[in-house]
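Accompanying notes for the structure given below.
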Amino acid sequence: MKKLLCLLMLTATTTVGMSQKYETRFERSVTDLMNDVSKRFGVKFKFDKNVDTVGKKMPYADFRVRPYSLEMTLDNICKYYDWNWWKQSGNTYKIKLYEYPRRHEAEGKMMLDWLSSLYNNKEQWEARRDTLRREVRQRLELDKFLDSCNRKMVNGQWSMANVQLSKIRKHDGYTTQNICIELTPGQHLFGTIYASLKKGKHALIVCPDGHWPYRYRKDEQQRLGTLARMGAVCVDFDLYGWGESEKEVGDHHSSRAHVYQAACGYILLDWMLKNRKDIDTERVGVMGGSGGGTHTVLLSLLDERVTASAPVVHLASHFDGGCPCESGMPVQLSAGGTCEPELAAVVAPKPMLVVSDGGDWTSSVPTLEFPYLQRIYGFYGALDKVRNVHLPNERHDFRENKRKAVYDFFIDVFGLDRSMLDESKIEIEPEETLKSLYK
């Protein structure tokens, strides 16, 4: 019996040893491999719920390990299964499924370095800029969408055929009015106009929304109402499949959301300029946070009538936006490959504010994306026209300090009245009040 036990032990040892050879492709359990990597480099791994390691075996496992680089080791392991790794706090790394719009910060730097090598002066940049404008519009299929919209010819210009406006509601220094525009049969744009009560011409600010709770929330009403009190006319609109739009289209997560939201900003800007007599066409701004920042960049690129842009907690060279409404159409492949800072730079040398913080992907803005933007603005001798407000101790939101940065920017570039800056004066209307008359 003792001899048999020894023989079994020898056989087991031999089998383990033989499993690691050319004929078996040096195969190992992924779980065992990751445990060894964890011990070797003194790190911990967290696996996203969508990453399944059970029963998985890795060919040439130990040869994927680079003893001099944890990150290269993780690249070699993760790419085999279409995973990716992300550094968390301390010594923890998270393993997630591959995401096409998200890259590591080091890759963002390489992208900006490559882009910077393509142009060294204003003339070279403007040739690139014109290509970006043309190809982004084509890849977005914006004109195809606009051609499908319910439009009519008025005085030689296209205009939306069916626009409904609610009664105007008066508040302290501003008004609100709901707007509903039929885009295509059964699909509408839903929004609210916040307008100054002051007489004369006013700056227009189009405000694409982000992926926070619907546009009826308190902080959005505070922001748009305050800008209106200071002398602007602001207009926001529902995301595709959110708010009133939800009952018409259902799921927000589609490539059509990318086109729809870009078109809504474009159509609203055009309608406001053509139909309101109180708009100063020399002062046209776009401002939004998070996914609204994506569409701030996009609208600023698509419509040359925009004169100032303010993307908030959005801009990064290594992240295109994690939702199909931001990256569902392949605009980042335009002109041989691009990224959000280059698309944002198309507005140069017009004023631009970039608001960033230390708690999301925009933490790299002061050292990476902002210097890139300064270089583009430098081609025009307009370094004073681009600014960055960085809030290192804050996270991904549109709270008070972000709103203050936006107020200061538009007070400066559009000459708004700072004496009217008082968020406590904003009447927070119930959700139902901000919905359109369309049923």
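Residues are referred to by chain and number: the chain letter is A, B, ... according to the order shown in the structure tokens, the number counts from 1 in that chain, and ligands are numbered separately from 1 in the order shown.
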
For the interface of range 384-416 of chain A with range 334-355 of chain A (cut-off 9 Å, counting only C-alpha atoms), please tabulate each contacting residue of range 384-416 of chain A alongside its nearest pair of atoms and their separation in Å to one decimal, rows sorted by chain and increasing number, as JSON lines.
```
{"residue": "A:Asp384", "atom": "CA", "partner": "A:Pro351", "partner_atom": "CA", "distance": 8.3}
{"residue": "A:Lys385", "atom": "CA", "partner": "A:Pro351", "partner_atom": "CA", "distance": 4.6}
{"residue": "A:Val386", "atom": "CA", "partner": "A:Met352", "partner_atom": "CA", "distance": 4.8}
{"residue": "A:Arg387", "atom": "CA", "partner": "A:Leu353", "partner_atom": "CA", "distance": 5.0}
{"residue": "A:Asn388", "atom": "CA", "partner": "A:Val354", "partner_atom": "CA", "distance": 4.8}
{"residue": "A:Val389", "atom": "CA", "partner": "A:Val355", "partner_atom": "CA", "distance": 4.9}
{"residue": "A:His390", "atom": "CA", "partner": "A:Val355", "partner_atom": "CA", "distance": 5.9}
{"residue": "A:Leu391", "atom": "CA", "partner": "A:Val355", "partner_atom": "CA", "distance": 7.9}
{"residue": "A:Lys402", "atom": "CA", "partner": "A:Val355", "partner_atom": "CA", "distance": 6.9}
{"residue": "A:Ala405", "atom": "CA", "partner": "A:Val355", "partner_atom": "CA", "distance": 7.4}
{"residue": "A:Val406", "atom": "CA", "partner": "A:Leu353", "partner_atom": "CA", "distance": 7.8}
{"residue": "A:Phe409", "atom": "CA", "partner": "A:Leu353", "partner_atom": "CA", "distance": 6.9}
{"residue": "A:Val413", "atom": "CA", "partner": "A:Pro351", "partner_atom": "CA", "distance": 7.2}
```

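As for CA of Gln187 in chain A and CA of Ile267 in chain A, they are spaced 13.8 Å apart.
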
DSSP on the backbone, alpha helix (DSSP H) only: what residues of range 257-288 of chain A does that give? Format it as number ranges by chain.
A: 257-275

Export, as a short mmCIF file (atom, residue, chain, number, x, y, z; two decimals), in the first residue's frame, the selected residues with N, CA and C atoms.
```cif
data_model
loop_
_atom_site.label_atom_id
_atom_site.label_comp_id
_atom_site.auth_asym_id
_atom_site.auth_seq_id
_atom_site.Cartn_x
_atom_site.Cartn_y
_atom_site.Cartn_z
N ALA A 257 -29.06 57.16 -30.95
CA ALA A 257 -29.00 58.19 -29.91
C ALA A 257 -27.91 59.21 -30.20
N HIS A 258 -26.78 58.75 -30.76
CA HIS A 258 -25.67 59.63 -31.10
C HIS A 258 -26.13 60.66 -32.14
N VAL A 259 -26.81 60.17 -33.16
CA VAL A 259 -27.28 61.04 -34.25
C VAL A 259 -28.40 61.96 -33.75
N TYR A 260 -29.36 61.38 -33.04
CA TYR A 260 -30.52 62.13 -32.55
C TYR A 260 -30.09 63.29 -31.67
N GLN A 261 -29.20 63.04 -30.70
CA GLN A 261 -28.81 64.10 -29.77
C GLN A 261 -28.00 65.19 -30.46
N ALA A 262 -27.13 64.78 -31.40
CA ALA A 262 -26.40 65.79 -32.17
C ALA A 262 -27.36 66.63 -33.00
N ALA A 263 -28.35 65.96 -33.60
CA ALA A 263 -29.32 66.67 -34.44
C ALA A 263 -30.19 67.60 -33.60
N CYS A 264 -30.56 67.18 -32.39
CA CYS A 264 -31.40 68.02 -31.53
C CYS A 264 -30.69 69.33 -31.21
N GLY A 265 -29.42 69.26 -30.85
CA GLY A 265 -28.66 70.48 -30.57
C GLY A 265 -28.59 71.36 -31.80
N TYR A 266 -28.33 70.74 -32.94
CA TYR A 266 -28.20 71.47 -34.20
C TYR A 266 -29.52 72.14 -34.59
N ILE A 267 -30.63 71.38 -34.47
CA ILE A 267 -31.95 71.90 -34.84
C ILE A 267 -32.40 73.00 -33.89
N LEU A 268 -32.17 72.82 -32.60
CA LEU A 268 -32.55 73.85 -31.63
C LEU A 268 -31.79 75.14 -31.87
N LEU A 269 -30.49 75.03 -32.08
CA LEU A 269 -29.69 76.22 -32.32
C LEU A 269 -30.22 76.95 -33.56
N ASP A 270 -30.47 76.19 -34.61
CA ASP A 270 -30.94 76.78 -35.87
C ASP A 270 -32.31 77.43 -35.69
N TRP A 271 -33.22 76.74 -34.99
CA TRP A 271 -34.57 77.28 -34.81
C TRP A 271 -34.55 78.54 -33.96
N MET A 272 -33.76 78.53 -32.90
CA MET A 272 -33.70 79.70 -32.02
C MET A 272 -33.16 80.92 -32.76
N LEU A 273 -32.12 80.72 -33.58
CA LEU A 273 -31.54 81.84 -34.31
C LEU A 273 -32.51 82.38 -35.37
N LYS A 274 -33.29 81.51 -35.98
CA LYS A 274 -34.17 81.94 -37.06
C LYS A 274 -35.51 82.48 -36.58
N ASN A 275 -35.92 82.09 -35.37
CA ASN A 275 -37.28 82.40 -34.96
C ASN A 275 -37.41 83.32 -33.75
#
```

Test item: residues at most 7 Å from Phe47 in chain A, only C-alpha atoms, excluding those fewer than 6 positions along its chain, as a tab-separated table (two decimals) with C-alpha atoms, in the first residue's frame:
```
chain	number	residue	atom	x	y	z
A	94	LYS	CA	-9.68	45.85	-11.72
A	95	ILE	CA	-10.12	43.47	-14.64
A	96	LYS	CA	-13.01	44.44	-16.94
```

Can you tell me, as a PyMOL selection string, what residues are no more than 12 Å from Arg229 in chain A when counting only C-alpha atoms, ignoring any on the same chain fewer than 2 positions away?
chain A and resi 170-176+194-199+202-203+221-227+231-234+407+411+416-427

Take the residues that were just selected and, keeping N, CA, C and O atoms, output them as a compact mmCIF listing (two decimals), in the first residue's frame.
```txt
# COMPACT_ATOMS: atom_id res chain seq x y z
N LYS A 170 -43.57 83.16 -15.91
CA LYS A 170 -42.68 84.21 -15.41
C LYS A 170 -42.15 83.89 -14.03
O LYS A 170 -42.86 83.38 -13.17
N HIS A 171 -40.86 84.19 -13.83
CA HIS A 171 -40.19 83.99 -12.55
C HIS A 171 -39.43 85.28 -12.20
O HIS A 171 -39.61 86.31 -12.85
N ASP A 172 -38.58 85.20 -11.21
CA ASP A 172 -37.80 86.36 -10.76
C ASP A 172 -36.65 86.61 -11.74
O ASP A 172 -35.59 86.01 -11.65
N GLY A 173 -36.87 87.47 -12.71
CA GLY A 173 -35.81 87.86 -13.65
C GLY A 173 -35.68 86.99 -14.88
O GLY A 173 -34.82 87.23 -15.71
N TYR A 174 -36.55 85.99 -15.04
CA TYR A 174 -36.45 85.11 -16.21
C TYR A 174 -37.80 84.43 -16.45
O TYR A 174 -38.71 84.48 -15.62
N THR A 175 -37.91 83.78 -17.59
CA THR A 175 -39.12 83.02 -17.92
C THR A 175 -38.74 81.59 -18.33
O THR A 175 -37.58 81.33 -18.68
N THR A 176 -39.71 80.71 -18.27
CA THR A 176 -39.53 79.36 -18.81
C THR A 176 -40.66 79.07 -19.78
O THR A 176 -41.79 79.54 -19.60
N TYR A 194 -35.20 78.83 -21.24
CA TYR A 194 -35.06 79.74 -20.10
C TYR A 194 -34.59 81.07 -20.67
O TYR A 194 -33.51 81.15 -21.25
N ALA A 195 -35.39 82.13 -20.52
CA ALA A 195 -35.07 83.40 -21.18
C ALA A 195 -35.03 84.56 -20.20
O ALA A 195 -35.81 84.63 -19.26
N SER A 196 -34.11 85.48 -20.47
CA SER A 196 -33.98 86.68 -19.65
C SER A 196 -35.20 87.59 -19.83
O SER A 196 -35.80 87.66 -20.91
N LEU A 197 -35.57 88.28 -18.76
CA LEU A 197 -36.64 89.26 -18.83
C LEU A 197 -36.13 90.63 -19.26
O LEU A 197 -36.92 91.56 -19.48
N LYS A 198 -34.82 90.76 -19.38
CA LYS A 198 -34.26 92.04 -19.80
C LYS A 198 -34.60 92.31 -21.26
O LYS A 198 -34.75 91.39 -22.06
N LYS A 199 -34.71 93.56 -21.62
CA LYS A 199 -34.96 93.94 -23.00
C LYS A 199 -33.67 93.89 -23.80
O LYS A 199 -32.58 93.95 -23.25
N HIS A 202 -29.94 89.02 -26.56
CA HIS A 202 -29.34 88.19 -25.53
C HIS A 202 -28.46 87.10 -26.14
O HIS A 202 -28.69 86.65 -27.27
N ALA A 203 -27.48 86.67 -25.38
CA ALA A 203 -26.67 85.52 -25.76
C ALA A 203 -27.55 84.27 -25.75
O ALA A 203 -28.43 84.12 -24.91
N GLN A 221 -32.02 73.20 -13.52
CA GLN A 221 -32.88 74.39 -13.47
C GLN A 221 -32.13 75.57 -12.86
O GLN A 221 -32.25 76.70 -13.34
N GLN A 222 -31.34 75.31 -11.82
CA GLN A 222 -30.54 76.38 -11.22
C GLN A 222 -29.57 76.97 -12.23
O GLN A 222 -29.44 78.20 -12.35
N ARG A 223 -28.91 76.13 -12.97
CA ARG A 223 -27.87 76.58 -13.90
C ARG A 223 -28.47 77.39 -15.04
O ARG A 223 -28.02 78.50 -15.34
N LEU A 224 -29.49 76.86 -15.68
CA LEU A 224 -30.07 77.54 -16.83
C LEU A 224 -30.86 78.79 -16.40
O LEU A 224 -30.81 79.83 -17.07
N GLY A 225 -31.55 78.68 -15.27
CA GLY A 225 -32.28 79.83 -14.77
C GLY A 225 -31.37 80.98 -14.38
O GLY A 225 -31.65 82.15 -14.64
N THR A 226 -30.24 80.64 -13.74
CA THR A 226 -29.29 81.67 -13.33
C THR A 226 -28.66 82.36 -14.54
O THR A 226 -28.54 83.60 -14.57
N LEU A 227 -28.28 81.60 -15.54
CA LEU A 227 -27.74 82.20 -16.76
C LEU A 227 -28.77 83.10 -17.42
O LEU A 227 -28.44 84.17 -17.95
N GLY A 231 -28.90 87.38 -18.20
CA GLY A 231 -29.02 88.00 -19.52
C GLY A 231 -28.91 87.08 -20.71
O GLY A 231 -28.75 87.55 -21.84
N ALA A 232 -29.00 85.76 -20.50
CA ALA A 232 -28.90 84.81 -21.61
C ALA A 232 -30.26 84.18 -21.91
O ALA A 232 -31.21 84.29 -21.12
N VAL A 233 -30.34 83.52 -23.05
CA VAL A 233 -31.45 82.63 -23.36
C VAL A 233 -30.86 81.23 -23.48
O VAL A 233 -29.96 81.00 -24.30
N CYS A 234 -31.32 80.33 -22.62
CA CYS A 234 -30.78 78.96 -22.60
C CYS A 234 -31.86 77.97 -23.02
O CYS A 234 -33.05 78.20 -22.75
N TYR A 407 -20.60 80.04 -14.91
CA TYR A 407 -21.12 81.41 -14.78
C TYR A 407 -20.01 82.43 -15.06
O TYR A 407 -20.20 83.38 -15.82
N ILE A 411 -20.09 85.12 -18.09
CA ILE A 411 -20.07 86.53 -17.69
C ILE A 411 -18.95 87.25 -18.43
O ILE A 411 -19.12 88.37 -18.95
N LEU A 416 -22.45 88.89 -19.48
CA LEU A 416 -23.66 88.72 -18.66
C LEU A 416 -23.53 89.54 -17.37
O LEU A 416 -22.44 89.93 -16.96
N ASP A 417 -24.66 89.75 -16.73
CA ASP A 417 -24.75 90.64 -15.56
C ASP A 417 -24.50 89.86 -14.26
O ASP A 417 -25.38 89.16 -13.78
N ARG A 418 -23.31 90.00 -13.71
CA ARG A 418 -22.96 89.26 -12.50
C ARG A 418 -23.85 89.63 -11.32
O ARG A 418 -24.07 88.80 -10.42
N SER A 419 -24.37 90.83 -11.28
CA SER A 419 -25.20 91.25 -10.15
C SER A 419 -26.47 90.42 -10.03
O SER A 419 -27.13 90.42 -8.98
N MET A 420 -26.82 89.70 -11.11
CA MET A 420 -28.03 88.86 -11.10
C MET A 420 -27.72 87.40 -10.79
O MET A 420 -28.58 86.54 -10.88
N LEU A 421 -26.47 87.13 -10.39
CA LEU A 421 -26.07 85.75 -10.08
C LEU A 421 -26.53 85.40 -8.66
O LEU A 421 -25.91 85.78 -7.68
N ASP A 422 -27.63 84.69 -8.58
CA ASP A 422 -28.19 84.31 -7.28
C ASP A 422 -29.07 83.07 -7.48
O ASP A 422 -30.23 83.18 -7.87
N GLU A 423 -28.51 81.89 -7.23
CA GLU A 423 -29.25 80.65 -7.47
C GLU A 423 -30.48 80.52 -6.58
O GLU A 423 -31.42 79.79 -6.91
N SER A 424 -30.49 81.21 -5.44
CA SER A 424 -31.64 81.11 -4.54
C SER A 424 -32.89 81.73 -5.15
O SER A 424 -34.02 81.48 -4.68
N LYS A 425 -32.73 82.52 -6.21
CA LYS A 425 -33.86 83.17 -6.86
C LYS A 425 -34.56 82.25 -7.87
O LYS A 425 -35.60 82.60 -8.43
N ILE A 426 -33.96 81.07 -8.11
CA ILE A 426 -34.50 80.17 -9.14
C ILE A 426 -35.65 79.35 -8.56
O ILE A 426 -35.51 78.69 -7.53
N GLU A 427 -36.78 79.41 -9.23
CA GLU A 427 -37.94 78.62 -8.83
C GLU A 427 -37.82 77.22 -9.43
O GLU A 427 -37.80 77.06 -10.65
```

What separates CA of Val286 in chain A and CA of Arg133 in chain A is a distance of 17.0 Å

Here CA of Arg134 in chain A and CA of Asp320 in chain A stand apart by 19.0 Å

Filtered DSSP result for range 180-308 of chain A, state strand (DSSP E), as JSON, numbers by chain:
{"A": [180, 181, 182, 183, 184, 187, 188, 189, 190, 191, 192, 193, 194, 195, 196, 202, 203, 204, 205, 206, 207, 232, 233, 234, 235, 236, 237, 279, 280, 281, 282, 283, 284, 285, 286, 287, 288, 289, 308]}

Next, write the just-selected residues to a file, as a compact mmCIF listing (two decimals), in the first residue's frame, keeping N, CA and C atoms as the atom set.
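What follows is the written file part-v5.txt:
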```txt
# COMPACT_ATOMS: atom_id res chain seq x y z
N CYS A 180 -41.58 71.80 -28.12
CA CYS A 180 -41.68 70.46 -28.70
C CYS A 180 -41.59 70.59 -30.21
N ILE A 181 -40.63 69.92 -30.81
CA ILE A 181 -40.43 69.98 -32.27
C ILE A 181 -40.58 68.58 -32.84
N GLU A 182 -41.46 68.41 -33.80
CA GLU A 182 -41.58 67.12 -34.46
C GLU A 182 -40.38 66.93 -35.39
N LEU A 183 -39.61 65.89 -35.12
CA LEU A 183 -38.45 65.60 -35.97
C LEU A 183 -38.87 64.73 -37.14
N THR A 184 -39.38 63.56 -36.84
CA THR A 184 -39.93 62.63 -37.82
C THR A 184 -41.25 62.14 -37.27
N GLN A 187 -41.65 60.95 -33.57
CA GLN A 187 -40.44 61.26 -32.80
C GLN A 187 -40.29 62.77 -32.68
N HIS A 188 -40.11 63.23 -31.44
CA HIS A 188 -40.08 64.65 -31.16
C HIS A 188 -38.88 65.04 -30.32
N LEU A 189 -38.54 66.30 -30.42
CA LEU A 189 -37.54 66.92 -29.55
C LEU A 189 -38.32 67.60 -28.42
N PHE A 190 -37.93 67.32 -27.18
CA PHE A 190 -38.60 67.91 -26.02
C PHE A 190 -37.59 68.74 -25.23
N GLY A 191 -37.93 70.01 -24.96
CA GLY A 191 -36.99 70.85 -24.23
C GLY A 191 -37.68 71.99 -23.53
N THR A 192 -36.87 72.82 -22.86
CA THR A 192 -37.38 74.00 -22.17
C THR A 192 -36.47 75.18 -22.45
N ILE A 193 -37.06 76.32 -22.73
CA ILE A 193 -36.34 77.57 -22.98
C ILE A 193 -36.37 78.42 -21.70
N TYR A 194 -35.20 78.83 -21.24
CA TYR A 194 -35.06 79.74 -20.10
C TYR A 194 -34.59 81.07 -20.67
N ALA A 195 -35.39 82.13 -20.52
CA ALA A 195 -35.07 83.40 -21.18
C ALA A 195 -35.03 84.56 -20.20
N SER A 196 -34.11 85.48 -20.47
CA SER A 196 -33.98 86.68 -19.65
C SER A 196 -35.20 87.59 -19.83
N HIS A 202 -29.94 89.02 -26.56
CA HIS A 202 -29.34 88.19 -25.53
C HIS A 202 -28.46 87.10 -26.14
N ALA A 203 -27.48 86.67 -25.38
CA ALA A 203 -26.67 85.52 -25.76
C ALA A 203 -27.55 84.27 -25.75
N LEU A 204 -27.30 83.38 -26.69
CA LEU A 204 -27.98 82.08 -26.74
C LEU A 204 -27.01 81.02 -26.25
N ILE A 205 -27.47 80.15 -25.33
CA ILE A 205 -26.64 79.04 -24.87
C ILE A 205 -27.45 77.75 -24.99
N VAL A 206 -27.03 76.87 -25.88
CA VAL A 206 -27.66 75.56 -26.04
C VAL A 206 -27.01 74.61 -25.04
N CYS A 207 -27.84 73.83 -24.33
CA CYS A 207 -27.35 73.05 -23.18
C CYS A 207 -27.68 71.57 -23.32
N ALA A 232 -29.00 85.76 -20.50
CA ALA A 232 -28.90 84.81 -21.61
C ALA A 232 -30.26 84.18 -21.91
N VAL A 233 -30.34 83.52 -23.05
CA VAL A 233 -31.45 82.63 -23.36
C VAL A 233 -30.86 81.23 -23.48
N CYS A 234 -31.32 80.33 -22.62
CA CYS A 234 -30.78 78.96 -22.60
C CYS A 234 -31.86 77.97 -23.02
N VAL A 235 -31.45 76.88 -23.64
CA VAL A 235 -32.42 75.85 -24.01
C VAL A 235 -31.77 74.49 -23.83
N ASP A 236 -32.49 73.56 -23.18
CA ASP A 236 -32.01 72.20 -23.03
C ASP A 236 -32.98 71.24 -23.73
N PHE A 237 -32.66 69.95 -23.73
CA PHE A 237 -33.53 68.98 -24.39
C PHE A 237 -33.27 67.59 -23.83
N ILE A 279 -32.20 87.24 -29.93
CA ILE A 279 -30.91 86.55 -29.87
C ILE A 279 -29.83 87.36 -30.59
N ASP A 280 -28.70 87.51 -29.93
CA ASP A 280 -27.52 88.15 -30.52
C ASP A 280 -26.71 87.06 -31.21
N THR A 281 -26.69 87.07 -32.52
CA THR A 281 -26.04 85.99 -33.27
C THR A 281 -24.51 85.98 -33.11
N GLU A 282 -23.96 87.03 -32.51
CA GLU A 282 -22.53 87.06 -32.26
C GLU A 282 -22.17 86.42 -30.92
N ARG A 283 -23.19 86.04 -30.15
CA ARG A 283 -22.96 85.41 -28.85
C ARG A 283 -23.78 84.12 -28.77
N VAL A 284 -23.20 83.05 -29.27
CA VAL A 284 -23.88 81.75 -29.32
C VAL A 284 -22.98 80.72 -28.62
N GLY A 285 -23.44 80.20 -27.52
CA GLY A 285 -22.63 79.27 -26.74
C GLY A 285 -23.24 77.88 -26.67
N VAL A 286 -22.39 76.92 -26.32
CA VAL A 286 -22.83 75.55 -26.03
C VAL A 286 -22.17 75.15 -24.73
N MET A 287 -22.95 74.49 -23.86
CA MET A 287 -22.42 74.12 -22.55
C MET A 287 -23.15 72.89 -22.03
N GLY A 288 -22.38 71.86 -21.64
CA GLY A 288 -22.99 70.66 -21.06
C GLY A 288 -21.96 69.86 -20.32
N GLY A 289 -22.42 68.98 -19.41
CA GLY A 289 -21.52 68.18 -18.60
C GLY A 289 -21.63 66.70 -18.89
N ALA A 308 -18.71 80.20 -28.55
CA ALA A 308 -18.05 79.86 -27.28
C ALA A 308 -18.51 78.48 -26.85
```

Could you list, as a PDB file with N, CA, C and O atoms, in the first residue's frame, every residue within 8 Å of His104 in chain A, counting only C-alpha atoms and ignoring same-chain residues fewer than 2 positions away?
```
ATOM      1  N   TRP A  86      -7.487  48.040 -15.165  1.00  0.00           N
ATOM      2  CA  TRP A  86      -7.552  49.439 -14.772  1.00  0.00           C
ATOM      3  C   TRP A  86      -7.022  49.593 -13.363  1.00  0.00           C
ATOM      4  O   TRP A  86      -7.415  48.870 -12.450  1.00  0.00           O
ATOM      5  N   ARG A 102     -12.697  53.513 -24.376  1.00  0.00           N
ATOM      6  CA  ARG A 102     -11.894  53.846 -23.199  1.00  0.00           C
ATOM      7  C   ARG A 102     -10.488  53.271 -23.336  1.00  0.00           C
ATOM      8  O   ARG A 102     -10.304  52.105 -23.685  1.00  0.00           O
ATOM      9  N   ALA A 106      -1.854  56.772 -20.656  1.00  0.00           N
ATOM     10  CA  ALA A 106      -0.614  56.758 -21.449  1.00  0.00           C
ATOM     11  C   ALA A 106      -0.917  56.682 -22.945  1.00  0.00           C
ATOM     12  O   ALA A 106      -0.204  57.259 -23.769  1.00  0.00           O
ATOM     13  N   GLU A 107      -1.994  55.980 -23.303  1.00  0.00           N
ATOM     14  CA  GLU A 107      -2.392  55.902 -24.707  1.00  0.00           C
ATOM     15  C   GLU A 107      -2.931  57.251 -25.188  1.00  0.00           C
ATOM     16  O   GLU A 107      -2.736  57.631 -26.348  1.00  0.00           O
ATOM     17  N   GLY A 108      -3.621  57.959 -24.289  1.00  0.00           N
ATOM     18  CA  GLY A 108      -4.086  59.297 -24.630  1.00  0.00           C
ATOM     19  C   GLY A 108      -2.927  60.215 -24.955  1.00  0.00           C
ATOM     20  O   GLY A 108      -2.985  61.003 -25.906  1.00  0.00           O
ATOM     21  N   HIS A 318      -8.235  59.965 -23.688  1.00  0.00           N
ATOM     22  CA  HIS A 318      -8.265  58.510 -23.539  1.00  0.00           C
ATOM     23  C   HIS A 318      -9.661  57.971 -23.295  1.00  0.00           C
ATOM     24  O   HIS A 318      -9.833  56.801 -22.927  1.00  0.00           O
TER      25      HIS A 318
END
```

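Taking only C-alpha atoms into account, Glu135 in chain A lies nearest to A:Gln332 out of the set A:Asn50, A:Asn178, A:Gln332, A:Thr367.
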
Selection near Met34 in chain A, 9 Å with only C-alpha atoms, sequence-local residues under 5 positions removed, as an NGL selection string:
:A and (29 or 39 or 45 or 77)

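Here the question is which of A:Val54, A:Val136, A:Leu146, A:Ile428 gets nearest to Trp158 in chain A using only C-alpha atoms, and that residue is A:Leu146.
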
If we count only C-alpha atoms, what is near Ser89 in chain A at a cut-off of 12 Å, once residues fewer than 6 positions away on the same chain are taken out, given as a ChimeraX atom specification?
/A:43-46,359

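Nearest residue to Gly241 in chain A, choosing from A:Leu33, A:Cys325, A:Val365, A:Leu132 and counting only C-alpha atoms: A:Cys325.
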